[in-house]
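Dumped query_14.txt below, it's compact mmCIF, C-alpha atoms:
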# COMPACT_ATOMS: atom_id res chain seq x y z
CA MET A 163 -10.75 42.22 -44.55
CA TYR A 164 -10.77 39.13 -42.33
CA ILE A 165 -13.42 36.42 -42.57
CA LEU A 166 -14.71 34.97 -39.31
CA PHE A 167 -15.09 31.22 -38.78
CA MET A 168 -16.62 29.12 -36.09
CA PHE A 169 -14.00 26.53 -35.19
CA PRO A 170 -15.86 23.23 -35.56
CA HIS A 171 -13.90 21.05 -33.15
CA GLN A 172 -15.05 20.00 -29.73
CA GLY A 173 -14.18 22.41 -26.94
CA SER A 174 -14.25 25.55 -29.09
CA SER A 175 -16.99 28.16 -29.31
CA MET A 176 -14.76 31.13 -30.17
CA LYS A 177 -15.01 32.90 -33.51
CA LEU A 178 -11.63 32.76 -35.20
CA LEU A 179 -10.28 34.95 -37.95
CA ARG A 180 -9.37 33.13 -41.15
CA ASP A 181 -5.62 33.65 -40.70
CA THR A 182 -5.87 32.60 -37.05
CA ARG A 183 -7.56 29.38 -38.05
CA THR A 184 -4.90 28.66 -40.69
CA LEU A 185 -2.06 29.34 -38.25
CA GLN A 186 -3.66 27.20 -35.56
CA THR A 187 -4.03 24.34 -38.05
CA LYS A 188 -0.34 24.67 -38.96
CA ALA A 189 0.59 24.75 -35.27
CA ILE A 190 -1.30 21.55 -34.50
CA ALA A 191 0.08 19.86 -37.63
CA SER A 192 3.64 20.60 -36.49
CA LEU A 193 2.84 19.40 -33.00
CA LYS A 194 1.58 16.11 -34.44
CA ILE A 195 4.82 15.66 -36.38
CA ALA A 196 6.82 16.43 -33.23
CA MET A 197 4.86 13.80 -31.29
CA ALA A 198 5.36 11.22 -34.05
CA ALA A 199 9.10 11.94 -34.00
CA PHE A 200 9.33 11.79 -30.22
CA ASN A 201 7.56 8.43 -30.07
CA SER A 202 9.39 7.02 -33.10
CA PHE A 203 11.48 3.86 -32.89
CA GLU A 204 14.01 5.54 -35.21
CA GLU A 205 16.81 7.22 -33.25
CA GLU A 206 18.61 8.97 -36.10
CA GLY A 207 17.42 12.57 -36.36
CA ARG A 208 14.77 12.04 -33.68
CA ILE A 209 15.82 14.79 -31.27
CA CYS A 210 16.38 17.41 -33.97
CA THR A 211 13.06 16.64 -35.69
CA THR A 212 11.18 16.80 -32.40
CA LEU A 213 12.69 20.15 -31.45
CA LEU A 214 12.26 21.68 -34.91
CA HIS A 215 8.55 20.92 -35.02
CA LEU A 216 7.90 21.83 -31.38
CA GLN A 217 9.41 25.25 -32.04
CA HIS A 218 7.45 25.69 -35.28
CA ALA A 219 4.22 24.69 -33.54
CA CYS A 220 4.82 27.38 -30.92
CA GLU A 221 5.62 30.08 -33.46
CA MET A 222 2.45 29.36 -35.46
CA LEU A 223 0.34 29.38 -32.29
CA LEU A 224 1.86 32.66 -31.09
CA LYS A 225 1.29 34.34 -34.44
CA GLY A 226 -2.27 33.01 -34.61
CA ILE A 227 -3.04 34.51 -31.21
CA LEU A 228 -1.45 37.84 -32.13
CA VAL A 229 -3.52 37.96 -35.33
CA GLN A 230 -6.68 37.14 -33.35
CA ARG A 231 -5.92 40.05 -31.03
CA GLY A 232 -5.32 42.42 -33.92
CA VAL A 233 -1.55 42.72 -33.41
CA LYS A 234 0.46 43.18 -36.61
CA VAL A 235 2.80 40.27 -37.31
CA PHE A 236 4.50 41.74 -40.39
CA ASP A 237 7.37 44.21 -40.16
CA LYS A 238 6.29 47.47 -41.78
CA ASP A 239 9.76 48.11 -43.25
CA THR A 240 10.66 44.69 -44.63
CA GLY A 241 7.20 43.26 -45.18
CA MET A 242 8.40 39.99 -43.61
CA SER A 243 6.64 38.23 -40.75
CA ILE A 244 8.22 38.80 -37.35
CA GLY A 245 10.54 36.25 -35.75
CA PHE A 246 10.03 33.88 -32.86
CA GLU A 247 11.58 36.05 -30.14
CA LYS A 248 9.49 39.08 -31.09
CA CYS A 249 6.37 36.89 -31.03
CA ILE A 250 7.27 35.84 -27.48
CA ARG A 251 7.77 39.46 -26.38
CA LEU A 252 4.52 40.67 -27.92
CA CYS A 253 2.51 37.78 -26.49
CA THR A 254 4.04 38.32 -23.05
CA GLN A 255 3.34 42.05 -23.17
CA SER A 256 -0.17 42.08 -24.58
CA ALA A 257 -1.55 38.61 -25.32
CA GLY A 258 -1.66 36.82 -21.97
CA LEU A 259 1.39 34.57 -22.29
CA GLY A 260 2.67 33.61 -18.83
CA ALA A 261 6.33 33.82 -17.80
CA GLY A 262 6.62 30.06 -17.34
CA GLU A 263 4.98 29.41 -20.72
CA ALA A 264 7.31 31.89 -22.41
CA GLY A 265 10.26 30.29 -20.63
CA ILE A 266 9.67 26.75 -21.88
CA MET A 267 9.01 28.04 -25.41
CA ARG A 268 12.30 29.95 -25.33
CA ALA A 269 14.12 26.90 -23.98
CA VAL A 270 12.82 24.66 -26.77
CA ASP A 271 13.70 27.33 -29.33
CA SER A 272 17.21 27.60 -27.89
CA LEU A 273 17.64 23.81 -27.99
CA ARG A 274 16.31 23.76 -31.54
CA ASP A 275 18.76 26.47 -32.58
CA ALA A 276 21.72 24.62 -31.07
CA SER A 277 20.64 21.34 -32.66
CA GLN A 278 19.88 22.81 -36.08
CA HIS A 279 23.07 24.83 -36.46
CA TRP A 280 25.57 22.49 -34.79
CA PHE A 281 24.85 19.49 -32.57
CA ILE A 282 23.69 18.78 -29.04
CA PHE A 283 23.11 15.78 -26.80
CA VAL A 284 19.90 15.90 -24.76
CA SER A 285 19.33 13.09 -22.29
CA GLU A 286 16.07 11.18 -22.71
CA ASP A 287 14.80 12.34 -19.32
CA LEU A 288 15.38 16.02 -20.07
CA LEU A 289 13.99 15.73 -23.61
CA TYR A 290 10.80 14.14 -22.25
CA MET A 291 10.44 16.77 -19.52
CA HIS A 292 10.89 19.66 -21.95
CA THR A 293 8.52 18.12 -24.49
CA LYS A 294 5.85 17.51 -21.85
CA ALA A 295 6.27 21.02 -20.45
CA LEU A 296 5.98 22.50 -23.94
CA VAL A 297 2.82 20.50 -24.68
CA THR A 298 1.38 21.61 -21.31
CA ALA A 299 2.09 25.29 -22.06
CA PHE A 300 0.84 25.00 -25.64
CA ASP A 301 -2.45 23.43 -24.51
CA ALA A 302 -3.07 25.92 -21.69
CA TYR A 303 -2.31 28.97 -23.83
CA MET A 304 -4.39 27.77 -26.78
CA GLN A 305 -7.35 27.05 -24.52
CA ARG A 306 -7.21 30.50 -22.93
CA GLU A 307 -6.74 32.48 -26.12
CA LEU A 308 -8.43 30.45 -28.86
CA GLY A 309 -10.91 28.36 -26.91
CA THR A 310 -9.59 25.05 -28.26
CA ASP A 311 -8.15 22.25 -26.11
CA LEU A 312 -5.37 20.07 -27.44
CA HIS A 313 -7.05 16.76 -26.61
CA SER A 314 -9.86 17.52 -29.06
CA GLN A 315 -7.19 17.80 -31.78
CA ILE A 316 -4.67 15.09 -30.86
CA PRO A 317 -5.54 11.80 -29.10
CA SER A 318 -3.88 11.46 -25.69
CA ARG A 319 -2.28 8.18 -26.76
CA VAL A 320 0.01 9.98 -29.23
CA LEU A 321 1.20 12.71 -26.87
CA PRO A 322 4.82 12.19 -25.72
CA VAL A 323 5.10 8.85 -23.94
CA SER A 324 8.00 7.64 -21.81
CA THR A 325 8.50 4.39 -19.95
CA THR A 326 10.74 6.23 -17.48
CA PRO A 327 8.96 8.35 -14.84
CA PRO A 328 10.28 11.93 -14.98
CA GLY A 329 12.40 13.08 -12.07
CA ASP A 330 12.88 16.50 -10.55
CA PHE A 331 14.46 18.93 -13.01
CA LEU A 332 17.35 19.89 -10.75
CA PHE A 333 18.02 16.22 -10.01
CA LEU A 334 18.24 15.55 -13.76
CA VAL A 335 20.49 18.57 -14.34
CA ASP A 336 22.77 17.49 -11.49
CA LYS A 337 22.89 13.99 -12.97
CA GLU A 338 23.84 15.47 -16.34
CA PHE A 339 26.49 17.68 -14.74
CA LYS A 340 28.13 14.68 -13.06
CA LEU A 341 28.09 12.77 -16.34
CA ILE A 342 29.79 15.67 -18.13
CA LYS A 343 32.44 15.78 -15.41
CA ASP A 344 33.01 12.05 -15.88
CA LEU A 345 33.23 12.42 -19.67
CA LEU A 346 35.90 15.12 -19.22
CA ALA A 347 38.01 13.00 -16.87
CA PRO A 348 41.59 12.38 -18.03
CA GLY A 349 41.90 9.55 -20.52
CA LYS A 350 38.17 9.32 -21.31
CA ARG A 351 38.34 10.79 -24.86
CA HIS A 352 34.67 11.84 -24.82
CA ARG A 353 35.14 15.59 -25.10
CA ASP A 354 32.78 15.99 -28.09
CA GLU A 355 29.89 14.38 -26.22
CA ALA A 356 30.67 16.42 -23.10
CA GLN A 357 30.56 19.66 -25.11
CA ALA A 358 27.30 18.62 -26.79
CA ARG A 359 25.75 18.06 -23.35
CA ILE A 360 27.11 21.41 -22.09
CA ARG A 361 25.53 23.10 -25.11
CA SER A 362 22.17 21.55 -24.20
CA LEU A 363 22.31 22.75 -20.60
CA LEU A 364 23.23 26.26 -21.73
CA ALA A 365 20.29 26.28 -24.12
CA MET A 366 17.97 25.31 -21.26
CA GLU A 367 18.85 28.55 -19.47
CA ALA A 368 16.36 30.23 -21.80
CA MET A 369 13.69 29.16 -19.30
CA VAL A 370 14.80 31.96 -16.98
CA ALA A 371 16.70 34.34 -19.29
CA ASP A 372 15.17 36.45 -22.04
CA GLU A 373 18.18 36.15 -24.33
CA VAL A 374 20.37 33.08 -24.53
CA GLN A 375 23.10 32.67 -27.11
CA VAL A 376 25.24 29.55 -26.90
CA SER A 377 28.71 30.43 -28.11
CA GLN A 378 31.72 28.17 -28.44
CA LYS A 379 33.57 30.51 -26.08
CA ASP A 380 30.98 29.76 -23.40
CA ILE A 381 31.30 26.03 -24.07
CA GLY A 382 35.07 26.20 -23.60
CA ARG A 383 34.81 28.37 -20.52
CA ILE A 384 32.36 26.01 -18.88
CA GLU A 385 34.45 23.00 -19.83
CA ARG A 386 37.44 24.57 -18.07
CA ALA A 387 35.31 25.36 -15.03
CA ILE A 388 34.07 21.77 -14.77
CA ARG A 389 37.60 20.43 -15.16
CA GLY A 390 38.61 22.85 -12.43
CA ALA A 391 36.20 21.23 -9.96
CA GLU A 392 33.70 24.10 -9.84
CA THR A 393 30.26 23.19 -8.48
CA ILE A 394 27.04 23.14 -10.50
CA ASP A 395 25.81 26.26 -8.64
CA GLU A 396 28.88 28.14 -9.86
CA VAL A 397 28.82 26.84 -13.42
CA PHE A 398 25.06 26.92 -14.13
CA PRO A 399 23.63 29.47 -11.65
CA ARG A 400 20.54 30.09 -13.79
CA LEU A 401 19.48 26.46 -13.97
CA THR A 402 19.51 26.15 -10.18
CA THR A 403 16.72 28.75 -10.02
CA VAL A 404 14.32 26.57 -12.04
CA SER A 405 11.64 24.50 -10.31
CA THR A 406 9.17 21.98 -11.73
CA GLN A 407 5.64 21.03 -10.83
CA LEU A 408 4.24 17.69 -12.01
CA THR A 409 0.53 16.86 -11.99
CA GLY A 410 -1.22 13.75 -13.28
CA GLU A 411 0.57 10.69 -14.58
CA GLY A 412 1.13 8.75 -17.79
CA VAL A 413 -0.39 10.42 -20.85
CA THR A 414 -2.21 12.94 -18.64
CA LEU A 415 1.01 14.16 -17.02
CA LYS A 416 1.47 17.93 -17.04
CA VAL A 417 4.82 19.61 -16.44
CA HIS A 418 5.18 23.28 -15.45
CA PHE A 419 8.53 25.06 -15.25
CA SER A 420 8.87 28.19 -13.17
CA LYS A 421 11.49 30.32 -11.47
CA LYS A 422 11.90 29.71 -7.77
CA ASP A 423 10.68 32.35 -5.36
CA GLY A 424 13.31 34.34 -3.57
CA ALA A 425 16.56 35.64 -5.01
CA PRO A 426 16.40 36.66 -8.67
CA VAL A 427 18.53 34.99 -11.31
CA ARG A 428 22.15 36.02 -10.80
CA PHE A 429 23.98 37.12 -13.95
CA ILE A 430 27.42 36.18 -12.72
CA GLY A 431 29.20 37.13 -15.93
CA GLY A 432 28.28 40.77 -15.68
CA ASP A 433 28.80 41.33 -11.97
CA ASP A 434 31.95 39.42 -11.07
CA PRO A 435 33.85 38.13 -14.10
CA GLY A 436 36.97 37.42 -12.06
CA ALA A 437 35.20 34.83 -9.92
CA ALA A 438 32.70 33.50 -12.45
CA ALA A 439 33.15 29.91 -13.54
CA ALA A 440 30.87 30.21 -16.53
CA ILE A 441 30.74 33.79 -17.77
CA ARG A 442 28.13 34.24 -20.46
CA GLU A 443 29.44 36.25 -23.40
CA ILE A 444 26.05 37.88 -23.96
CA ASP A 445 25.97 39.05 -20.33
CA LEU A 446 29.39 40.62 -20.72
CA ARG A 447 28.36 42.52 -23.82
CA LYS A 448 25.34 43.89 -21.97
CA LYS A 449 27.38 44.82 -18.92
CA TYR A 450 30.34 46.37 -20.71
CA HIS A 451 28.47 48.32 -23.38
CA LEU A 452 30.46 51.56 -23.43
CA SER A 453 33.44 52.15 -25.70
CA ALA A 454 36.22 54.52 -24.58
CA SER A 455 34.77 57.29 -26.75
CA ALA A 456 31.22 56.70 -25.48
CA LEU A 457 32.47 56.76 -21.88
CA ALA A 458 34.21 60.10 -22.52
CA LEU A 459 31.09 61.54 -24.15
CA ASP A 460 28.82 60.39 -21.31
CA THR A 461 31.07 62.00 -18.70
CA GLY A 462 31.53 65.28 -20.62
CA LEU A 463 35.27 64.81 -21.11
CA THR A 464 37.58 64.63 -24.07
CA GLN A 465 38.97 61.17 -24.72
CA PRO A 466 42.49 62.06 -23.46
CA LYS A 467 41.10 63.54 -20.22
CA ALA A 468 38.74 60.58 -19.78
CA LYS A 469 41.71 58.26 -20.16
CA ALA A 470 43.57 60.24 -17.52
CA MET A 471 40.59 59.95 -15.16
CA ARG A 472 40.48 56.18 -15.77
CA TRP A 473 44.17 56.03 -14.83
CA LYS A 474 43.66 58.16 -11.73
CA LEU A 475 40.70 56.08 -10.51
CA GLY A 476 42.15 52.69 -11.43
CA ILE A 477 39.23 51.92 -13.73
CA ASP A 478 41.19 49.93 -16.31
CA GLY A 479 42.31 47.52 -13.61
CA ASP A 480 38.84 47.09 -12.09
CA ASP A 481 36.96 44.03 -13.39
CA LYS A 482 33.67 45.66 -12.49
CA CYS A 483 34.45 48.65 -14.68
CA MET A 484 36.31 47.30 -17.71
CA HIS A 485 36.47 44.12 -19.76
CA VAL A 486 38.65 43.45 -22.81
CA PHE A 487 36.94 41.61 -25.64
CA GLU A 488 39.24 39.66 -27.93
CA PHE A 489 38.45 38.93 -31.57
CA GLY A 490 41.36 37.10 -33.12
CA GLN A 491 44.45 39.27 -32.74
CA SER A 492 42.41 42.38 -31.92
CA LYS A 493 41.53 43.56 -28.43
CA PHE A 494 38.72 45.99 -27.57
CA PRO A 495 38.36 47.45 -24.06
CA GLN A 496 34.76 48.15 -23.10
CA PHE A 497 33.39 49.85 -20.00
CA SER A 498 30.40 49.36 -17.73
CA ASP A 499 28.04 51.80 -16.07
CA ASN A 500 30.19 51.38 -12.96
CA ALA A 501 33.06 53.13 -14.78
CA ARG A 502 30.82 56.01 -15.85
CA GLN A 503 29.46 56.45 -12.34
CA LYS A 504 32.92 56.30 -10.82
CA ILE A 505 34.13 59.14 -13.03
CA LYS A 506 31.00 61.22 -12.46
CA ASP A 507 31.29 60.79 -8.69
CA ALA A 508 34.94 61.83 -8.80
CA LEU A 509 34.12 64.94 -10.84
CA ALA A 510 31.26 65.80 -8.49
CA GLY A 511 33.67 65.32 -5.57
CA GLY A 512 35.99 68.00 -6.90
CA ILE A 513 38.67 66.19 -8.89
CA ASP A 514 40.02 68.54 -11.55
CA PRO A 515 40.24 66.75 -14.94
CA ASP A 516 42.76 69.30 -16.25
CA ALA A 517 45.10 68.72 -13.30
CA THR A 518 44.58 64.98 -13.63
CA TRP A 519 45.49 65.14 -17.32
CA LYS A 520 48.73 66.98 -16.52
CA GLU A 521 49.55 64.45 -13.77
CA TYR A 522 48.86 61.59 -16.19
CA ARG A 523 51.14 63.05 -18.87
CA ALA A 524 53.90 63.64 -16.38
CA ASN A 525 53.64 60.08 -15.11
CA ALA A 526 53.64 58.66 -18.65
CA SER A 527 56.77 60.59 -19.63
CA ALA A 528 58.66 59.77 -16.42

Entire entry expressed as structure tokens:
Amino acid sequence: MYILFMFPHQGSSMKLLRDTRTLQTKAIASLKIAMAAFNSFEEEGRICTTLLHLQHACEMLLKGILVQRGVKVFDKDTGMSIGFEKCIRLCTQSAGLGAGEAGIMRAVDSLRDASQHWFIFVSEDLLYMHTKALVTAFDAYMQRELGTDLHSQIPSRVLPVSTTPPGDFLFLVDKEFKLIKDLLAPGKRHRDEAQARIRSLLAMEAMVADEVQVSQKDIGRIERAIRGAETIDEVFPRLTTVSTQLTGEGVTLKVHFSKKDGAPVRFIGGDDPGAAAAIREIDLRKKYHLSASALALDTGLTQPKAKAMRWKLGIDGDDKCMHVFEFGQSKFPQFSDNARQKIKDALAGGIDPDATWKEYRANASA
């Protein structure tokens, strides 16, 4: 049984459940630590500490709001509390979390993950913009759902402060892209820093993509694309769909990230891997999700006859239908929905799979 509390701070008149109050207190405590780290004169560990505590503050806030709304935050099978990504999904679906708010929380979580498990390099401008945007989203969401404003909990003077006015997000990303290109120039010997900056930009794609995993394969692929003189639109198509809105100034500055109106985010990796400069491995796994046996089963064919149909229709040579995943010395061909549809259309059009199988065997033995 939950105990209800009246939150005593200024700006709150909402009755909070006991667990909600505890989680909100933890959220604000982590946010305070993040602000202290951001504004610290100590550079060593500053970025990682800031990101770790920003992410933890968000997770505690999300769980507090879910608890307040009566949503279960413990997995019924394991008995463990749910993870960050599931919190985001539940809050987006049923607890009033906006797309832009979810996006910046995912971006900070993605940056935190990259920083915690390997290393990244985030420019001061982009770190400030993400921190400000996170604080803006945190404050707005907490006010709507828990009736508490951030300024009654943390003095404005300790919120993230920068002596450099923030620029437009795309301008900063373009600036970073040009710096990476310069770092990768022949004879520069700054490849490690360039890769760390690439990792940061990839992590930022979480603002407009539900799932972002930064793999070393993606880092290498993007590095080759940049060396090959590809443009920023080709290498980071998702980031070019992000827009920013700045209101206020100084400590009262608010930053909102959102996706631009118009064309949706283009998942280049899944649609045109032959022309993509920066194919995302996670996109490819989503696109090419059918094994040879699953493709045969879905089309009502035996595996040998399905293979013959693939040969007849040229599926194995079509980048939109098949992709080969390599893991060490092993290679695994996987197929997309395009391959399945192509076979089904051919069968519906009258192609005889038995005759095709005989033709395939005759060709193979010739």

For a quick check of understanding, using all atoms listed in the file, which of A:Lys294, A:Asp287, A:Gly245, A:Ala365 has the smallest distance to A:Phe333? A:Asp287

Output, as AutoDock Vina command-line options, the centre and edge lengths in Å (one decimal) of the axis-aligned box that contains all listed atoms of stretch 299-311 of chain A with 4 Å of margin on each side.
--center_x -4.4 --center_y 27.4 --center_z -25.3 --size_x 21.0 --size_y 18.2 --size_z 15.2

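Of the listed residues A:Val320, A:Leu252, A:Ala347, A:Val284, the one whose atoms come nearest to A:Ile195 is A:Val320, with distances taken using all atoms listed in the file.
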
Could you list, as a list in words, every residue within 8 Å of A:His218, counting all atoms listed in the file and ignoring same-chain residues fewer than 4 positions away?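 Answer for this query is Ala189, Ser192, Leu214 and Met222 of chain A.
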
Show me, as an mmCIF file with C-alpha atoms, in the frame of the given file, the residues that have an atom within 7 Å of A:Ile282 when counting only C-alpha atoms, minus same-chain residues fewer than 5 positions from it.
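Ended up saving to part-v5.cif:
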data_model
loop_
_atom_site.group_PDB
_atom_site.id
_atom_site.type_symbol
_atom_site.label_atom_id
_atom_site.label_comp_id
_atom_site.auth_asym_id
_atom_site.auth_seq_id
_atom_site.Cartn_x
_atom_site.Cartn_y
_atom_site.Cartn_z
ATOM 1 C CA ALA A 276 21.720 24.620 -31.070
ATOM 2 C CA SER A 277 20.640 21.340 -32.660
ATOM 3 C CA ALA A 358 27.300 18.620 -26.790
ATOM 4 C CA ARG A 359 25.750 18.060 -23.350
ATOM 5 C CA ARG A 361 25.530 23.100 -25.110
ATOM 6 C CA SER A 362 22.170 21.550 -24.200
#

Between A:Ser318, A:Phe331, A:Asp499, A:Lys504, single out the one closest to A:Leu408, counting all atoms listed in the file. A:Phe331

Spatial neighbours of A:Pro322, max dist 9 Å, only C-alpha atoms, sep filter under 2 positions, as a VMD selection string: chain A and resid 196 to 198 200 to 201 290 293 to 294 297 318 to 320 324 413

To one decimal place in Å, what is the distance between atom CA of A:Leu308 and atom CA of A:Asp181?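 Separation between atom CA of A:Leu308 and atom CA of A:Asp181: 12.6 Å.
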